[in-house]
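Below is entry00.tsv, holding TSV, C-alpha atoms.
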chain	number	residue	atom	x	y	z
A	1	MET	CA	7.38	-64.15	-30.11
A	2	ALA	CA	9.61	-66.14	-27.85
A	3	THR	CA	11.25	-63.14	-26.25
A	4	THR	CA	7.99	-61.64	-25.01
A	5	THR	CA	7.19	-64.72	-22.95
A	6	VAL	CA	10.61	-64.65	-21.34
A	7	SER	CA	10.72	-60.94	-20.59
A	8	ASN	CA	7.85	-58.54	-20.54
A	9	VAL	CA	10.12	-55.75	-19.39
A	10	SER	CA	11.21	-54.09	-22.58
A	11	LEU	CA	14.91	-53.85	-21.85
A	12	SER	CA	17.69	-54.95	-24.14
A	13	LEU	CA	19.89	-57.70	-22.79
A	14	ASN	CA	22.67	-55.27	-21.99
A	15	ASP	CA	20.36	-52.83	-20.25
A	16	ARG	CA	18.76	-55.66	-18.34
A	17	ILE	CA	22.07	-56.90	-16.97
A	18	THR	CA	23.16	-53.33	-16.17
A	19	ALA	CA	19.91	-52.62	-14.35
A	20	GLY	CA	20.13	-55.95	-12.55
A	21	ILE	CA	23.65	-55.37	-11.32
A	22	PHE	CA	22.76	-51.83	-10.27
A	23	ALA	CA	19.76	-53.15	-8.36
A	24	LEU	CA	21.86	-55.83	-6.67
A	25	LEU	CA	24.53	-53.32	-5.65
A	26	ILE	CA	22.14	-50.70	-4.30
A	27	GLY	CA	19.93	-53.32	-2.66
A	28	GLY	CA	22.91	-55.04	-1.09
A	29	PHE	CA	24.16	-51.71	0.22
A	30	LEU	CA	20.79	-50.87	1.78
A	31	VAL	CA	20.34	-54.29	3.36
A	32	PHE	CA	23.90	-54.20	4.65
A	33	GLY	CA	23.32	-50.78	6.18
A	34	ALA	CA	20.05	-51.76	7.83
A	35	GLY	CA	21.01	-55.25	8.87
A	36	LEU	CA	24.72	-55.84	9.19
A	37	ALA	CA	26.73	-52.62	9.40
A	38	ASN	CA	28.79	-52.47	12.55
A	39	SER	CA	27.84	-48.95	13.60
A	40	ALA	CA	26.34	-48.27	16.99
A	41	VAL	CA	23.90	-45.66	15.71
A	42	LEU	CA	22.73	-47.85	12.83
A	43	HIS	CA	22.52	-50.80	15.19
A	44	ASP	CA	20.39	-49.03	17.75
A	45	THR	CA	18.11	-47.48	15.16
A	46	ALA	CA	17.56	-50.78	13.37
A	47	HIS	CA	17.71	-52.90	16.52
A	48	ASP	CA	14.22	-54.39	16.49
A	49	VAL	CA	14.34	-54.80	12.73
A	50	ARG	CA	17.62	-56.70	12.91
A	51	HIS	CA	16.20	-59.09	15.44
A	52	SER	CA	12.93	-59.67	13.65
A	53	TYR	CA	14.62	-60.30	10.30
A	54	GLY	CA	16.93	-62.75	12.02
A	55	PHE	CA	20.07	-60.85	11.05
A	56	PRO	CA	23.04	-61.87	13.16
A	57	CYS	CA	23.02	-59.14	15.80
A	58	HIS	CA	25.26	-58.32	18.79
B	1	MET	CA	14.11	-47.38	-18.62
B	2	ILE	CA	16.77	-48.64	-16.24
B	3	VAL	CA	15.82	-45.95	-13.75
B	4	LYS	CA	12.16	-46.84	-14.11
B	5	THR	CA	12.86	-50.50	-13.40
B	6	LEU	CA	14.88	-49.65	-10.31
B	7	LEU	CA	12.22	-47.20	-9.17
B	8	ALA	CA	9.54	-49.88	-9.46
B	9	ALA	CA	11.56	-52.21	-7.22
B	10	LEU	CA	12.19	-49.38	-4.78
B	11	VAL	CA	8.51	-48.50	-4.49
B	12	ALA	CA	7.53	-52.14	-3.97
B	13	GLY	CA	10.18	-52.43	-1.26
B	14	LEU	CA	9.02	-49.28	0.54
B	15	ILE	CA	5.42	-50.49	0.57
B	16	ALA	CA	6.48	-53.90	1.86
B	17	GLY	CA	8.68	-52.21	4.49
B	18	ALA	CA	5.77	-50.14	5.76
B	19	PHE	CA	3.66	-53.29	5.89
B	20	MET	CA	6.44	-55.07	7.77
B	21	THR	CA	6.46	-52.36	10.45
B	22	ALA	CA	2.78	-52.93	11.13
B	23	ALA	CA	3.19	-56.71	11.08
B	24	GLN	CA	6.13	-56.55	13.54
B	25	GLU	CA	4.10	-54.61	16.06
B	26	LEU	CA	1.67	-57.52	16.38
B	27	ARG	CA	3.99	-60.09	17.88
B	28	VAL	CA	7.68	-59.66	17.20
B	29	THR	CA	8.29	-56.29	18.86
B	30	PRO	CA	6.39	-57.15	22.08
B	31	LEU	CA	8.48	-60.33	22.36
B	32	ILE	CA	11.73	-58.37	21.90
B	33	LEU	CA	10.70	-55.92	24.60
B	34	HIS	CA	9.74	-58.77	26.90
B	35	ALA	CA	13.09	-60.48	26.39
B	36	GLU	CA	15.00	-57.29	27.09
B	37	GLU	CA	13.69	-57.33	30.64
B	38	PHE	CA	15.46	-60.61	31.25
B	39	GLU	CA	18.49	-59.63	29.27
B	40	SER	CA	19.69	-57.00	31.72
B	41	LYS	CA	20.11	-59.70	34.36
B	42	GLY	CA	22.00	-62.10	32.17
B	43	PRO	CA	24.31	-64.81	33.52
B	44	ALA	CA	27.22	-62.34	33.72
B	45	ALA	CA	25.25	-59.77	35.66
B	46	GLU	CA	23.62	-62.23	38.01
B	47	GLN	CA	22.87	-60.89	41.42
B	48	PRO	CA	24.92	-62.23	44.29
B	49	ALA	CA	23.24	-65.19	46.02
B	50	THR	CA	23.37	-63.46	49.39
B	51	GLU	CA	20.35	-61.37	48.54
B	52	GLN	CA	17.02	-62.76	49.40
B	53	PRO	CA	15.91	-64.89	46.54
B	54	ALA	CA	12.55	-63.68	45.34
B	55	THR	CA	10.37	-66.30	43.80
B	56	THR	CA	10.42	-66.27	40.07
B	57	GLU	CA	6.74	-65.56	39.95
B	58	GLN	CA	7.17	-62.39	41.96
B	59	GLN	CA	10.04	-61.28	39.80
B	60	HIS	CA	8.10	-62.04	36.73
B	61	SER	CA	5.08	-59.96	37.68
B	62	HIS	CA	7.33	-57.14	38.79
B	63	LEU	CA	9.12	-57.17	35.46
B	64	LYS	CA	5.87	-57.26	33.64
B	65	GLN	CA	4.72	-54.07	35.33
B	66	GLN	CA	7.98	-52.45	34.48
B	67	SER	CA	7.64	-53.47	30.89
B	68	THR	CA	4.21	-51.96	30.45
B	69	LEU	CA	5.49	-48.74	31.92
B	70	ASP	CA	8.62	-48.81	29.79
B	71	TYR	CA	6.61	-49.53	26.73
B	72	ALA	CA	4.21	-46.69	27.39
B	73	LEU	CA	7.12	-44.33	28.04
B	74	SER	CA	9.01	-45.35	24.97
B	75	ALA	CA	5.91	-44.90	22.86
B	76	LEU	CA	5.35	-41.41	24.21
B	77	SER	CA	8.86	-40.12	24.45
B	78	PRO	CA	10.45	-38.67	21.33
B	79	ILE	CA	13.85	-39.86	22.51
B	80	THR	CA	14.59	-43.27	23.93
B	81	PRO	CA	17.76	-44.18	25.74
B	82	ALA	CA	20.26	-46.50	24.16
B	83	TYR	CA	19.47	-50.11	24.87
B	84	ALA	CA	20.70	-51.53	28.09
B	85	HIS	CA	22.31	-54.58	26.56
B	86	GLU	CA	25.09	-52.54	25.02
B	87	ASP	CA	26.85	-52.66	28.38
B	88	GLY	CA	28.95	-49.64	27.56
B	89	GLU	CA	30.42	-51.39	24.56
B	90	HIS	CA	28.91	-48.86	22.19
B	91	GLU	CA	28.76	-45.76	24.29
B	92	GLU	CA	28.23	-43.48	21.34
B	93	GLY	CA	25.12	-45.38	20.25
B	94	GLY	CA	21.56	-44.21	20.30
B	95	ILE	CA	18.88	-43.85	17.71
B	96	MET	CA	19.59	-41.74	14.68
B	97	PHE	CA	18.39	-38.13	14.78
B	98	GLY	CA	16.94	-38.67	18.26
B	99	MET	CA	13.95	-40.47	16.81
B	100	SER	CA	11.67	-42.67	18.86
B	101	ARG	CA	12.21	-46.39	18.88
B	102	PHE	CA	9.19	-46.85	16.64
B	103	SER	CA	10.31	-44.35	14.01
B	104	GLY	CA	13.75	-45.93	14.03
B	105	THR	CA	12.15	-49.28	13.36
B	106	LEU	CA	9.95	-47.82	10.66
B	107	MET	CA	12.91	-46.22	8.93
B	108	ALA	CA	15.03	-49.35	9.15
B	109	ASN	CA	12.14	-51.37	7.74
B	110	LEU	CA	11.77	-48.96	4.84
B	111	VAL	CA	15.49	-49.14	4.11
B	112	ALA	CA	15.60	-52.93	4.44
B	113	GLY	CA	12.41	-53.29	2.39
B	114	ALA	CA	13.80	-51.12	-0.40
B	115	GLY	CA	17.03	-53.11	-0.25
B	116	PHE	CA	15.31	-56.49	-0.47
B	117	GLY	CA	13.03	-55.15	-3.23
B	118	LEU	CA	16.06	-54.10	-5.25
B	119	LEU	CA	17.86	-57.39	-4.59
B	120	LEU	CA	14.82	-59.37	-5.74
B	121	ALA	CA	14.49	-57.23	-8.87
B	122	GLY	CA	18.24	-57.47	-9.47
B	123	VAL	CA	18.19	-61.26	-9.35
B	124	SER	CA	15.16	-61.32	-11.64
B	125	LEU	CA	16.85	-59.01	-14.16
B	126	VAL	CA	20.18	-60.81	-14.14
B	127	ILE	CA	18.72	-64.29	-14.61
B	128	GLY	CA	16.07	-63.03	-17.04
B	129	TYR	CA	12.92	-64.25	-15.34
B	130	PRO	CA	10.56	-61.32	-14.77
B	131	ILE	CA	8.49	-60.95	-11.61
B	132	THR	CA	4.80	-60.77	-12.51
B	133	LEU	CA	1.61	-60.53	-10.51
B	134	SER	CA	0.94	-64.24	-11.01
B	135	ASN	CA	4.39	-65.49	-9.96
B	136	GLY	CA	5.11	-62.72	-7.43
B	137	ALA	CA	4.16	-64.81	-4.41
B	138	LEU	CA	6.51	-67.58	-5.54
B	139	TRP	CA	9.34	-65.08	-6.01
B	140	GLY	CA	8.62	-63.79	-2.52
B	141	GLY	CA	8.51	-67.31	-1.10
B	142	CYS	CA	11.89	-68.13	-2.62
B	143	GLY	CA	13.29	-64.87	-1.26
B	144	TRP	CA	12.06	-65.84	2.19
B	145	LEU	CA	13.59	-69.31	1.91
B	146	ALA	CA	16.94	-67.92	0.82
B	147	VAL	CA	17.21	-64.99	3.23
B	148	HIS	CA	15.35	-66.24	6.29
B	149	MET	CA	14.24	-69.85	6.47
B	150	LEU	CA	17.37	-71.63	5.27
B	151	PRO	CA	19.86	-69.46	7.23
B	152	ALA	CA	17.57	-69.87	10.27
B	153	ILE	CA	18.33	-73.60	10.30
B	154	GLY	CA	21.85	-72.70	11.45
B	155	LEU	CA	21.24	-69.33	13.07
B	156	PRO	CA	17.61	-69.08	14.22
B	157	PRO	CA	16.24	-65.58	14.82
B	158	GLU	CA	17.55	-64.71	18.26
B	159	LEU	CA	16.14	-62.53	20.98
B	160	PRO	CA	18.18	-59.88	22.75
B	161	GLY	CA	20.15	-61.58	25.51
B	162	PHE	CA	20.53	-64.91	23.75
B	163	PRO	CA	23.97	-66.47	23.75
B	164	ALA	CA	25.67	-66.32	20.37
B	165	ALA	CA	29.05	-66.92	18.78
B	166	ASP	CA	31.34	-64.18	17.50
B	167	LEU	CA	29.34	-61.60	15.54
B	168	GLN	CA	31.65	-61.47	12.55
B	169	ASP	CA	31.73	-65.24	12.13
B	170	ARG	CA	27.97	-65.37	12.23
B	171	GLN	CA	27.60	-62.53	9.75
B	172	ILE	CA	30.00	-64.17	7.30
B	173	TRP	CA	28.23	-67.52	7.65
B	174	TRP	CA	24.87	-65.80	7.23
B	175	ILE	CA	25.84	-63.90	4.07
B	176	ALA	CA	27.43	-67.01	2.56
B	177	THR	CA	24.33	-69.06	3.38
B	178	VAL	CA	21.98	-66.50	1.84
B	179	VAL	CA	24.03	-66.39	-1.37
B	180	LEU	CA	24.38	-70.19	-1.57
B	181	SER	CA	20.69	-70.73	-0.78
B	182	ALA	CA	19.67	-68.29	-3.52
B	183	ALA	CA	21.98	-70.03	-6.00
B	184	GLY	CA	20.68	-73.44	-4.92
B	185	LEU	CA	17.06	-72.37	-5.26
B	186	TYR	CA	17.77	-71.00	-8.73
B	187	LEU	CA	19.29	-74.32	-9.78
B	188	ILE	CA	16.42	-76.33	-8.30
B	189	VAL	CA	13.48	-74.15	-9.33
B	190	LEU	CA	14.45	-72.64	-12.66
B	191	ARG	CA	16.80	-75.14	-14.29
B	192	GLY	CA	15.33	-78.14	-16.00
B	193	GLU	CA	18.30	-80.51	-15.98
B	194	ILE	CA	18.26	-83.12	-13.26
B	195	VAL	CA	22.01	-82.60	-12.73
B	196	ALA	CA	21.40	-78.91	-12.04
B	197	LYS	CA	18.70	-79.77	-9.51
B	198	ALA	CA	20.99	-82.20	-7.72
B	199	ALA	CA	23.78	-79.63	-7.70
B	200	GLY	CA	21.29	-77.08	-6.35
B	201	LEU	CA	20.40	-79.35	-3.46
B	202	LEU	CA	24.08	-79.83	-2.69
B	203	VAL	CA	24.64	-76.05	-2.70
B	204	LEU	CA	21.66	-75.58	-0.37
B	205	VAL	CA	22.92	-78.15	2.10
B	206	ALA	CA	26.61	-77.17	1.97
B	207	PRO	CA	26.59	-74.33	4.54
B	208	HIS	CA	24.70	-76.54	7.00
B	209	LEU	CA	27.17	-79.38	6.59
B	210	TYR	CA	29.92	-76.85	7.26
B	211	GLY	CA	27.94	-75.70	10.28
B	212	ALA	CA	26.94	-72.33	11.64
B	213	PRO	CA	29.10	-70.73	14.33
B	214	GLN	CA	27.60	-71.73	17.68
B	215	PRO	CA	28.15	-70.19	21.11
B	216	VAL	CA	30.29	-72.07	23.60
B	217	ASP	CA	28.04	-71.34	26.54
B	218	ILE	CA	24.33	-71.65	25.75
B	219	SER	CA	22.95	-70.57	29.10
B	220	SER	CA	20.71	-67.52	28.97
B	221	ALA	CA	18.58	-65.48	31.32
B	222	VAL	CA	15.91	-65.20	28.65
B	223	PRO	CA	13.30	-67.98	28.96
B	224	ALA	CA	13.40	-70.58	26.22
B	225	VAL	CA	9.66	-70.33	25.64
B	226	LEU	CA	10.08	-66.71	24.59
B	227	GLY	CA	12.81	-67.76	22.19
B	228	ALA	CA	10.64	-70.42	20.58
B	229	GLU	CA	7.71	-68.03	20.26
B	230	PHE	CA	9.99	-65.40	18.83
B	231	ALA	CA	11.62	-67.66	16.24
B	232	VAL	CA	8.24	-68.70	14.86
B	233	ALA	CA	6.86	-65.16	14.99
B	234	ALA	CA	9.91	-63.74	13.24
B	235	LEU	CA	9.83	-66.32	10.46
B	236	ALA	CA	6.08	-65.94	9.97
B	237	THR	CA	6.37	-62.16	9.85
B	238	THR	CA	9.20	-62.22	7.33
B	239	LEU	CA	7.26	-64.71	5.19
B	240	ALA	CA	4.36	-62.26	5.07
B	241	PHE	CA	6.84	-59.48	4.21
B	242	TRP	CA	8.34	-61.40	1.32
B	243	ILE	CA	5.02	-62.45	-0.15
B	244	VAL	CA	3.79	-58.85	0.00
B	245	LEU	CA	7.06	-57.72	-1.57
B	246	GLY	CA	6.85	-60.28	-4.39
B	247	VAL	CA	3.21	-59.65	-5.19
B	248	ILE	CA	3.58	-55.84	-5.16
B	249	SER	CA	6.73	-56.06	-7.29
B	250	GLY	CA	4.83	-58.22	-9.77
B	251	PHE	CA	1.86	-55.88	-9.75
B	252	ILE	CA	4.00	-52.81	-10.41
B	253	ASN	CA	5.94	-54.61	-13.14
B	254	ASP	CA	2.77	-55.76	-14.86
B	255	ARG	CA	1.04	-52.46	-14.53
B	256	PHE	CA	3.67	-49.86	-15.20
B	257	LEU	CA	6.60	-51.47	-16.95
B	258	LYS	CA	4.94	-53.71	-19.50
B	259	SER	CA	3.33	-50.87	-21.36
B	260	ALA	CA	6.36	-48.62	-21.15

Rendering of file as structure tokens:
Amino acid sequence: MATTTVSNVSLSLNDRITAGIFALLIGGFLVFGAGLANSAVLHDTAHDVRHSYGFPCH
Amino acid sequence: MIVKTLLAALVAGLIAGAFMTAAQELRVTPLILHAEEFESKGPAAEQPATEQPATTEQQHSHLKQQSTLDYALSALSPITPAYAHEDGEHEEGGIMFGMSRFSGTLMANLVAGAGFGLLLAGVSLVIGYPITLSNGALWGGCGWLAVHMLPAIGLPPELPGFPAADLQDRQIWWIATVVLSAAGLYLIVLRGEIVAKAAGLLVLVAPHLYGAPQPVDISSAVPAVLGAEFAVAALATTLAFWIVLGVISGFINDRFLKSA
């Protein structure tokens, strides 16, 4: 069937979009927190990580 | 099912984040620590010329000794002081929960890894192209291009103490470039029409034509050689991270989600 070659994750279209948007939101939040958030504590904790990922940093 | 999909991405990201921590220790972290020695005597904090000018070689070896000691101390101590380059700007800083520098890095890598894993899965779900074991490395490679390589053309990975333009401007340019690069790669890689591919190229190039925010004064106390080594090391390390992330995501998808 055509659909199985396109998607082997058995989600309906609606569920797939919902899951995708959820994943983007949570993932964006986590990356923002680790890489971009303007908090001194977060910055210092993630300092080396921010530099090595090439995030714009101080 | 939704939860399972998200969980798969999360697990792949955590594994890749743990891998990233080990990979960073090889080259990237030592270079950051080395640069921080120079950073504290940046152009602003230059010593008055009246003092006897030590030869650079002497200074260098002295700093090197200090660094080994500092490194040993920071590895042993459960609490490390806030980094010197804050210059009192962020007095309330310091590492979360009084963790060591290494555990802070590990935790931030796990969080960032999980975040990138979820972003990759989210893009895959929204555009309807699943990540599998066989195409995982390509997914990872595209992730690396979009998040690291293409933005690095305008804003290369910088060491502590490097001159840089206003932080907010750079962050906005960086986020815009990542989003545009991802969109451009999608148009180029996954759309068949030649018009879409041309549009994709245009979208990729657009932020660079606009130009990344650049510092006015580019002088720095940190040696340029370190910067060049660091930029390559950082990009190579993140490439390894993304390929691991893509392949593990594909493996987990193939193994645990297909049959579900």

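Distance criterion 6 Å to chain B, applied with all atoms listed in the file, yields Ser7, Asn8, Val9, Arg16, Ile17, Ala19, Gly20, Ala23, Leu24, Gly27, Leu30, Val31, Ala34, Ala40, Val41, Asp44, Thr45, Ala46, Val49, Ser52, Gly54 and Pro56 of chain A on chain A.
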
Please write out, as lines of an AutoDock Vina configuration file, where the centre of an axis-aligned box around all listed atoms of range 4-10 of chain B lies and how long its edges are, in Å to one decimal, after adding 4 Å on each side.
center_x = 12.2
center_y = -49.5
center_z = -9.4
size_x = 13.3
size_y = 13.4
size_z = 17.3

Item to complete: Would you mind reading off the distance between CA of Val205 in chain B and CA of Ile188 in chain B, one decimal, in Å?
Response: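 Between CA of Val205 in chain B and CA of Ile188 in chain B the gap is 12.4 Å.
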